[in-house]
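Working notes, beginning with the structure itself.
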Amino acid sequence: MNEKFSALMDGELPQREIAAVVGELVTSKDQQNAWYEWHAARDALQGQYALSPEFMRQFSARLAAEPIVIAPQQWRTPFLSKKLLVPLSAAASLMFVGLAVWQFSPQALAPQNMAAAPTTLLKAAEVHPYLKMHRDGLAGAMGGEVLAQAPFEVERH
Amino acid sequence: MLKASERDLDQELVRRAQNGDQRAFELLVVKYQRRIARLLSRMIRDPAEIEDVTQEAFIKAYRALPAFRGESAFYTWLYRIAINTAKNYLATLGRRPVLSSEYEDEDGYTLDAVAQVADDHTPESELSNKQIVSTVNEAVDALPNDLREAITLREMDGLSYEEIAVAMECPIGTVRSRIFRAREAIAHRLRPLLQGVGKDKRW
């Protein structure tokens, strides 16, 4: 038994040490006994409810009859803490709003501005077979109506 | 230095329990069994029923463990399960909860001195619980002054090591050492009693 284990119980252990000390706790019978005794003493000092001495033994017998639970890990890791998530989500929101404003702004929708925008021009001969394949395939999946009307423009040379 | 909180400790134990380590869950039960029992004693009068419903609440928590994602503290989550278990239990019996005026909140900090030893425990368990309480008190009284002060400030007043260091005008490392030594001394006196009442096998 050592001071680290006592500090763990008090929430006074450095965070980087917690996994190792808890790892010892779940494997060491001596430490588990100390855990039991120290909590019994703490609860007695704090005037907690007095359970019968058999409580824990009976509970362990019940628990042993339960199927082992295995849960997918869905915990928030330290790397995705609030400190990181707040600026990330703020940046994502700003990007979304900016994109939405740009897409629906009159300038963005105006044909002359679209023409002026720097774009990568594709040759119709290269794109048509590709788009036709998609149209045929998707039209088949969606009943052959929607995409038959879907316009697309290709820069012609 | 980033300190691990009580929540971090619980989270580590829950994570291990979610990975199939039942012992980790038992360690959480050891930690919270009396707090949950005291909570339920505000709704249920009979001590045998309190123990049954406490056990049932922990079993329900164990079964629900895959759904626990750590968005709230483990005790907060456990508290809600315990309350619902008690309500369901009383509903099946057609009874209404008997609420004490000092109803413990979900952080468990509303104290009620009456709860120290329930009045209508069986004579055998009441005796053993009284023995545990008196043995702990005697052990604390027998400690050297510096150990007694440190463990009292920690366990009864809930001070952090830093606060105790300020109060006792000593380094934090000394506080840590004093609390550890106090716990060892108390446990040394308590051990034979706990082994005796648990018939040599506690859990």
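Labels used: A, B, ... for chains in the order of the structure tokens, numbers from 1 for residues in each chain, and numbers from 1 for ligands as shown.
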Chain A residues within 6 Å of chain B, counting only C-alpha atoms: which ones, as a list of chain:residue names?
-> A:Glu3, A:Ser6, A:Gly11, A:Glu12, A:Leu13, A:Pro14, A:Gln15, A:Val26, A:Glu37, A:Ala44, A:Gln46, A:Gly47, A:Gln48, A:Tyr49, A:Ala50, A:Ser52, A:Pro53, A:Met56, A:Arg57, A:Ile68, A:Val69, A:Ile70, A:Ala71, A:Gln74, A:Trp75
All alpha helix (DSSP H) residues (DSSP, backbone) inside range 3-181 of chain B, as a ChimeraX atom specification | /B:6-18,22-40,47-63,74-92,123-141,145-155,161-168,172-181
Between CA of Ala7 in chain A and CA of Trp38 in chain A, what is the spacing in Å?
->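 Result for CA of Trp38 in chain A versus CA of Ala7 in chain A: 12.0 Å, one decimal.
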By how many Å are CA of Thr85 in chain B and CA of Val53 in chain B apart?
->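 So the two atoms, CA of Thr85 in chain B and CA of Val53 in chain B, lie 6.9 Å apart.
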Spatial neighbours of Val21 in chain A, max dist 8 Å, only C-alpha atoms, sep filter under 6 positions, as a compact mmCIF listing (two decimals) with C-alpha atoms, in the first residue's frame:
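This went into around-v3.txt:
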# COMPACT_ATOMS: atom_id res chain seq x y z
CA LYS A 4 -0.46 7.21 -4.21
CA PHE A 5 -3.38 4.91 -3.56
CA LEU A 8 -6.21 8.46 -5.60
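The coordinates place CA of Ala61 in chain A at 25.4 Å from CA of Gln131 in chain B.
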